[in-house]
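Colleague: I have a structure here, written as structure tokens, and I will follow up with some questions on it.
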Amino acid sequence: MASDNGKRRGFSRRRFIQGAAAAAASSSILSSAAREEKHGEEEHGHRRPPSDDAPDIVFVNGKIHTMDDENTVASSLSIRDGRFAEVGHAARGRHGHDTKVIDLRGRTVVPGIIDNHNHIVLMGNRPGFHTPLENAYSIPDVQAIYAARAAGIPRDAWITTIGGFHSNHIYANPSDPTSGRLPTRAELDIAVPNNPAFIEIGFTGPATTNSAGKSLFESQGITVAENGSMTGNNPSRALLYLRQTLLNPESRRRAVVDAMNYAATVGVTTHLDQGAFQATNTAADGAAHEDNFTMHIPFLEVYGKGKGIVRLRINFLHMETDQATPELAQRLKNAFPFLGNDMVKTGGIGEFIAAGTSATSPFVAAAKRVAAAGWRAEVHSLGRRNAPTSNPADFELEIMGFEAANLESPGVVRERRWVIAHVPGITQEWIDRLQAIGGNLSLTGWQYLAGNPTASTVAPYAGPPFRMIVDSGKRPDGIHAGLSSDGMQIAPMNPWLHMYYATTGINARKVLINPNQQISREEALSLYTRQNGWFLREEDELGTIESGKLADLVVLNSDYFAVPDEDLKKIRSVLTVVGGNVVYDGGVLDLRG
Ligand SMILES: [Zn+2]
């Protein structure tokens, strides 16, 4: 687990805010964040003399996969003022006496990973000391991660894991009786005897707790089985209790910092957040519920203090049932798309623009409204057709809705880069139809955790059909595709798990569920970096390691292009850089140079 304890040695933390003045012109909350961040920069007192053009950092002796047009692999690069300066094989030649020179010792470097569809804002609003178990593959792994967490937090504080993993991940060996189940009360007691613990899968459980958690839950009338397991609506009742008793502005800011630190350890440097189901503050809420109107505040406060270490893009989720979509109408009048600075800014409407996609839902009306306002729409599809004659799948209704909006506002889908995410069941016919109007697809590896083979005769893969879509993108004027996690409830944030699934088609239980749809490692990494820069409309700033772009990079613990398939799951960052700042240091490189 990433933490603050001295991991960021070696560099002064500087912020170079581009466009802060433009941000200050409108949206008050974003602009005050930008102003405070700029103030923080001046406080640190690092003003460069105008004539000094020496780089701040030089990396040498690496295998630097730039992901540029030619897939250039460089050995050195330099960073100046938060941007890449020289990228090639000669950066060592030019540096001043303040320049840090870091010897990569042959390590693989990739652009900072961009996740174009996740829910990091939910992760930053978790009650308790949320502790990702995305990288636990056994009960002893869970115990070790929990024990390490307990060592760094107050005695009696809640340790929680709400989504992002699945008991399928604890499936190292099918003959092992602990494979494929959550840890028990006794197993959690061994790891964390003094802290109540709560682990929940997916949106609404099942869940498990330890003895300290069991007695607190039972005092609230929540049912816990003798072995700690919680089923039915008890996990959601427990989550409501934890939210009501543990969440406050300070705890949320702490959770934001934890979420950002975790992101840095797995190399995700930019996140396009796709919102939450609107909270009702009842036990009907699950892990994916939050208040869409206030949940960004702790993030903006962290950015406002200059402590935001990864980039955030914010989509606004709308799920109205009223054909007039009054809330969406007000959003479009009173908010601004793509407003902010390069650390935090707004995006579009998504991942829902209305409740449902059927003819009786306001989906088409909402699409037309978003189009007329000149915003980007992003929606998701989880459906598939089971036979050529069955009812239309959600992606078919969505593409028809996009077509209707595009007819009223010609060119809007292409120009504003509208997106359909996940698309497990999409077929070539519908890819072609979406491509014709300039629509785009975000592919997600979430089936990895709990997906199964499909019986569909129309789309006989668990999906998404990575191969079909990437090949469609290679045609003239082909469809744009990106890769995303859809973390943090039903899927992990860890991008290397999604790249494992995209390149192998194999799920967490080691079953091949996405046959004939595998893509290459080069293709998967391109989707997660370069292509996702395009999805953010920031392809000139992010996604590749090229001179002039924002200096976001990840130094990996192993060679992504060479390790055996199973070892893709073990890839982590050993050094993450965002805007020229080291935001995670795994301690294996010498940063004193
Ligand atoms: Zn999502």
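Residues are referred to by chain and number: the chain letter is A, B, ... according to the order shown in the structure tokens, the number counts from 1 in that chain, and ligands are numbered separately from 1 in the order shown.
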Using only C-alpha atoms and all ligand atoms, find each residue in chain A having at least one atom no more than 10 Å away from ligand 1; report its shortest atom-to-atom pair and that distance in Å (one decimal), rows by chain then rising number, as a tab-separated table.

Modeller:
```
residue	atom	partner	partner_atom_place_in_ligand_line	distance
A:Asn116	CA	ligand 1	1 (Zn)	9.8
A:His117	CA	ligand 1	1 (Zn)	6.0
A:Asn118	CA	ligand 1	1 (Zn)	5.6
A:His119	CA	ligand 1	1 (Zn)	6.5
A:Asp273	CA	ligand 1	1 (Zn)	8.2
A:Gln274	CA	ligand 1	1 (Zn)	5.8
A:Gly275	CA	ligand 1	1 (Zn)	7.6
A:Ala276	CA	ligand 1	1 (Zn)	8.3
A:Ala288	CA	ligand 1	1 (Zn)	9.3
A:Gly350	CA	ligand 1	1 (Zn)	8.9
A:Glu351	CA	ligand 1	1 (Zn)	6.3
A:Phe352	CA	ligand 1	1 (Zn)	9.0
A:Val379	CA	ligand 1	1 (Zn)	8.9
A:His380	CA	ligand 1	1 (Zn)	7.2
A:Ser381	CA	ligand 1	1 (Zn)	9.8
A:Ala421	CA	ligand 1	1 (Zn)	7.9
A:His422	CA	ligand 1	1 (Zn)	8.3
A:Thr444	CA	ligand 1	1 (Zn)	9.2
A:Trp446	CA	ligand 1	1 (Zn)	9.9
A:Ser484	CA	ligand 1	1 (Zn)	9.2
A:Ser485	CA	ligand 1	1 (Zn)	8.2
A:Asp486	CA	ligand 1	1 (Zn)	4.6
A:Gly487	CA	ligand 1	1 (Zn)	7.2
A:Met488	CA	ligand 1	1 (Zn)	8.6
A:Gln489	CA	ligand 1	1 (Zn)	9.0
A:Ile490	CA	ligand 1	1 (Zn)	9.0
A:Ala491	CA	ligand 1	1 (Zn)	9.4
```

Colleague: DSSP on the backbone, then: every residue of region 92-246 of chain A marked strand (DSSP E or B), written as a ChimeraX atom specification.

Modeller: /A:100-103,108-111,113-118,129-130,159-162,197-200,207-209,229-230

Colleague: Include N, CA and C atoms and write out the residues we just selected as an mmCIF file, in the first residue's frame.

Modeller:
```cif
data_model
loop_
_atom_site.group_PDB
_atom_site.id
_atom_site.type_symbol
_atom_site.label_atom_id
_atom_site.label_comp_id
_atom_site.auth_asym_id
_atom_site.auth_seq_id
_atom_site.Cartn_x
_atom_site.Cartn_y
_atom_site.Cartn_z
ATOM 1 N N LYS A 100 18.662 16.439 -11.859
ATOM 2 C CA LYS A 100 18.754 15.081 -11.299
ATOM 3 C C LYS A 100 18.967 14.116 -12.454
ATOM 4 N N VAL A 101 19.936 13.239 -12.329
ATOM 5 C CA VAL A 101 20.144 12.205 -13.337
ATOM 6 C C VAL A 101 19.803 10.859 -12.700
ATOM 7 N N ILE A 102 18.829 10.187 -13.278
ATOM 8 C CA ILE A 102 18.378 8.916 -12.702
ATOM 9 C C ILE A 102 18.715 7.789 -13.671
ATOM 10 N N ASP A 103 19.491 6.840 -13.186
ATOM 11 C CA ASP A 103 19.894 5.679 -13.993
ATOM 12 C C ASP A 103 18.801 4.619 -13.879
ATOM 13 N N THR A 108 11.974 -0.912 -17.837
ATOM 14 C CA THR A 108 10.960 -0.535 -18.813
ATOM 15 C C THR A 108 10.172 0.670 -18.299
ATOM 16 N N VAL A 109 10.006 1.645 -19.188
ATOM 17 C CA VAL A 109 9.249 2.855 -18.859
ATOM 18 C C VAL A 109 8.108 2.984 -19.866
ATOM 19 N N VAL A 110 6.944 3.325 -19.375
ATOM 20 C CA VAL A 110 5.791 3.534 -20.268
ATOM 21 C C VAL A 110 5.152 4.880 -19.913
ATOM 22 N N PRO A 111 4.328 5.424 -20.825
ATOM 23 C CA PRO A 111 3.619 6.662 -20.469
ATOM 24 C C PRO A 111 2.716 6.414 -19.265
ATOM 25 N N ILE A 113 -0.364 5.703 -17.223
ATOM 26 C CA ILE A 113 -1.586 5.041 -17.685
ATOM 27 C C ILE A 113 -2.779 5.985 -17.494
ATOM 28 N N ILE A 114 -3.622 6.047 -18.530
ATOM 29 C CA ILE A 114 -4.842 6.856 -18.488
ATOM 30 C C ILE A 114 -6.019 5.890 -18.431
ATOM 31 N N ASP A 115 -6.853 6.014 -17.414
ATOM 32 C CA ASP A 115 -8.043 5.167 -17.286
ATOM 33 C C ASP A 115 -9.238 6.030 -17.706
ATOM 34 N N ASN A 116 -9.795 5.737 -18.891
ATOM 35 C CA ASN A 116 -10.826 6.655 -19.403
ATOM 36 C C ASN A 116 -12.224 6.366 -18.865
ATOM 37 N N HIS A 117 -12.329 5.371 -17.985
ATOM 38 C CA HIS A 117 -13.651 5.092 -17.393
ATOM 39 C C HIS A 117 -13.438 4.382 -16.066
ATOM 40 N N ASN A 118 -13.468 5.135 -14.981
ATOM 41 C CA ASN A 118 -13.460 4.491 -13.675
ATOM 42 C C ASN A 118 -14.237 5.324 -12.676
ATOM 43 N N PHE A 129 -10.788 3.051 6.785
ATOM 44 C CA PHE A 129 -9.514 3.064 6.069
ATOM 45 C C PHE A 129 -9.597 2.028 4.952
ATOM 46 N N HIS A 130 -10.169 2.472 3.825
ATOM 47 C CA HIS A 130 -10.349 1.581 2.678
ATOM 48 C C HIS A 130 -8.986 1.049 2.235
ATOM 49 N N ILE A 159 -10.994 -0.933 9.282
ATOM 50 C CA ILE A 159 -10.323 -1.238 8.014
ATOM 51 C C ILE A 159 -11.396 -1.797 7.090
ATOM 52 N N THR A 160 -11.544 -1.201 5.927
ATOM 53 C CA THR A 160 -12.605 -1.619 5.006
ATOM 54 C C THR A 160 -12.035 -1.888 3.625
ATOM 55 N N THR A 161 -12.690 -2.807 2.925
ATOM 56 C CA THR A 161 -12.423 -2.982 1.493
ATOM 57 C C THR A 161 -13.784 -3.096 0.835
ATOM 58 N N ILE A 162 -14.119 -2.084 0.066
ATOM 59 C CA ILE A 162 -15.455 -2.030 -0.515
ATOM 60 C C ILE A 162 -15.305 -2.101 -2.034
ATOM 61 N N ALA A 197 -13.092 -4.909 10.973
ATOM 62 C CA ALA A 197 -12.815 -5.041 9.538
ATOM 63 C C ALA A 197 -14.106 -5.350 8.783
ATOM 64 N N PHE A 198 -14.181 -4.875 7.544
ATOM 65 C CA PHE A 198 -15.360 -5.125 6.707
ATOM 66 C C PHE A 198 -14.893 -5.230 5.259
ATOM 67 N N ILE A 199 -15.166 -6.379 4.638
ATOM 68 C CA ILE A 199 -14.783 -6.613 3.247
ATOM 69 C C ILE A 199 -16.046 -6.926 2.460
ATOM 70 N N GLU A 200 -16.310 -6.162 1.404
ATOM 71 C CA GLU A 200 -17.532 -6.349 0.621
ATOM 72 C C GLU A 200 -17.202 -6.478 -0.862
ATOM 73 N N ALA A 207 -20.380 -10.081 2.025
ATOM 74 C CA ALA A 207 -19.333 -9.405 2.779
ATOM 75 C C ALA A 207 -18.856 -10.313 3.895
ATOM 76 N N THR A 208 -17.779 -9.873 4.547
ATOM 77 C CA THR A 208 -17.264 -10.616 5.699
ATOM 78 C C THR A 208 -16.707 -9.622 6.708
ATOM 79 N N THR A 209 -16.651 -10.057 7.975
ATOM 80 C CA THR A 209 -16.142 -9.169 9.025
ATOM 81 C C THR A 209 -15.398 -10.000 10.059
ATOM 82 N N SER A 229 -19.498 -14.158 7.870
ATOM 83 C CA SER A 229 -20.042 -13.816 6.557
ATOM 84 C C SER A 229 -21.367 -13.055 6.686
ATOM 85 N N MET A 230 -21.617 -12.191 5.735
ATOM 86 C CA MET A 230 -22.796 -11.322 5.734
ATOM 87 C C MET A 230 -23.436 -11.405 4.360
#
```

Colleague: When you count only C-alpha atoms, which of these residues is closest to Leu104 (chain A): A:Gln435, A:Thr346, A:Thr204, A:Asn557?

Modeller: A:Asn557

Colleague: Show me, as a VMD selection string, the residues that have an atom within 12 Å of Arg416 (chain A) when counting only C-alpha atoms, minus same-chain residues fewer than 3 positions from it.

Modeller: chain A and resid 337 to 338 347 to 349 370 to 378 402 406 409 to 413 419 437 to 440 534 to 537

Colleague: Residues of region 273-387 of chain A that have any atom at most 9 Å from an atom of region 247-258 of chain A: could you tabulate them with the shortest-distance atom pair and the distance in Å to one decimal, using only C-alpha atoms, ordered by chain and increasing number, as JSON lines?

Modeller:
```
{"residue": "A:Ile297", "atom": "CA", "partner": "A:Pro249", "partner_atom": "CA", "distance": 8.8}
{"residue": "A:Pro298", "atom": "CA", "partner": "A:Arg253", "partner_atom": "CA", "distance": 5.0}
{"residue": "A:Phe299", "atom": "CA", "partner": "A:Val256", "partner_atom": "CA", "distance": 6.2}
{"residue": "A:Glu301", "atom": "CA", "partner": "A:Arg253", "partner_atom": "CA", "distance": 7.5}
{"residue": "A:Val302", "atom": "CA", "partner": "A:Arg253", "partner_atom": "CA", "distance": 6.6}
{"residue": "A:Lys307", "atom": "CA", "partner": "A:Val257", "partner_atom": "CA", "distance": 8.0}
{"residue": "A:Gly308", "atom": "CA", "partner": "A:Val257", "partner_atom": "CA", "distance": 7.6}
{"residue": "A:Ile309", "atom": "CA", "partner": "A:Val257", "partner_atom": "CA", "distance": 8.3}
```

Colleague: So the first atom is CA of Thr503 (chain A) and the second is CA of Gly482 (chain A); what is the distance between them in Å, to one decimal place?

Modeller: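 Between these atoms lies a distance of 14.1 Å.
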
Colleague: Could you check the closest approach to Ala85 (chain A) for each of A:Val563, A:Ala551, A:Leu441, A:Ala366 and tell me which residue wins, using only C-alpha atoms?

Modeller: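 Closest to Ala85 (chain A) of all the choices is A:Ala551.
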
Colleague: May I ask which of the residues A:Phe203, A:Trp418, A:Tyr171, A:Phe165 is the closest one to Ile479 (chain A), counting only C-alpha atoms?

Modeller: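 Under the stated criterion, the closest residue is A:Trp418.
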
Colleague: Which residues come within 9 Å of Ile57 (chain A), counting only C-alpha atoms, excluding same-chain residues fewer than 5 positions away, as a PyMOL selection string?

Modeller: chain A and resi 77-80+95+98-102+580

Colleague: Near Asn135 (chain A), within 9 Å and counting only C-alpha atoms, which residues show up once chain neighbours fewer than 6 positions away are dropped, as a list in words?

Modeller: Asp141, Val142, Phe165, His169, Pro492, Asn494, Lys569 and Lys570 of chain A

Colleague: Could you list, as number ranges by chain, every residue within 12 Å of Glu226 (chain A), counting only C-alpha atoms and ignoring same-chain residues fewer than 5 positions away?

Modeller: A: 184-186, 208-211, 214-215, 218

Colleague: Can you list, as a PyMOL selection string, every protein, DNA or RNA residue that comes within 12 Å of region 387-390 of chain A when you count only C-alpha atoms, leaving out same-chain residues fewer than 5 positions away?

Modeller: chain A and resi 396+425+427+429+455-460

Colleague: Which distance in Å separates CA of Gly340 (chain A) and CA of Glu538 (chain A), to one decimal?

Modeller: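 Result for CA of Gly340 (chain A) versus CA of Glu538 (chain A): 12.8 Å, one decimal.
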
Colleague: From the list A:Leu497, A:Met400, A:Pro476, A:Asn261, which residue is nearest Val582 (chain A) when using only C-alpha atoms?

Modeller: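 That would be A:Asn261, the residue with the smallest distance to Val582 (chain A).
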
Colleague: State, in Å with one decimal place, the distance from CA of Leu553 (chain A) to CA of Gly112 (chain A).

Modeller: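 Computed distance, CA of Leu553 (chain A) to CA of Gly112 (chain A), equals 4.2 Å.
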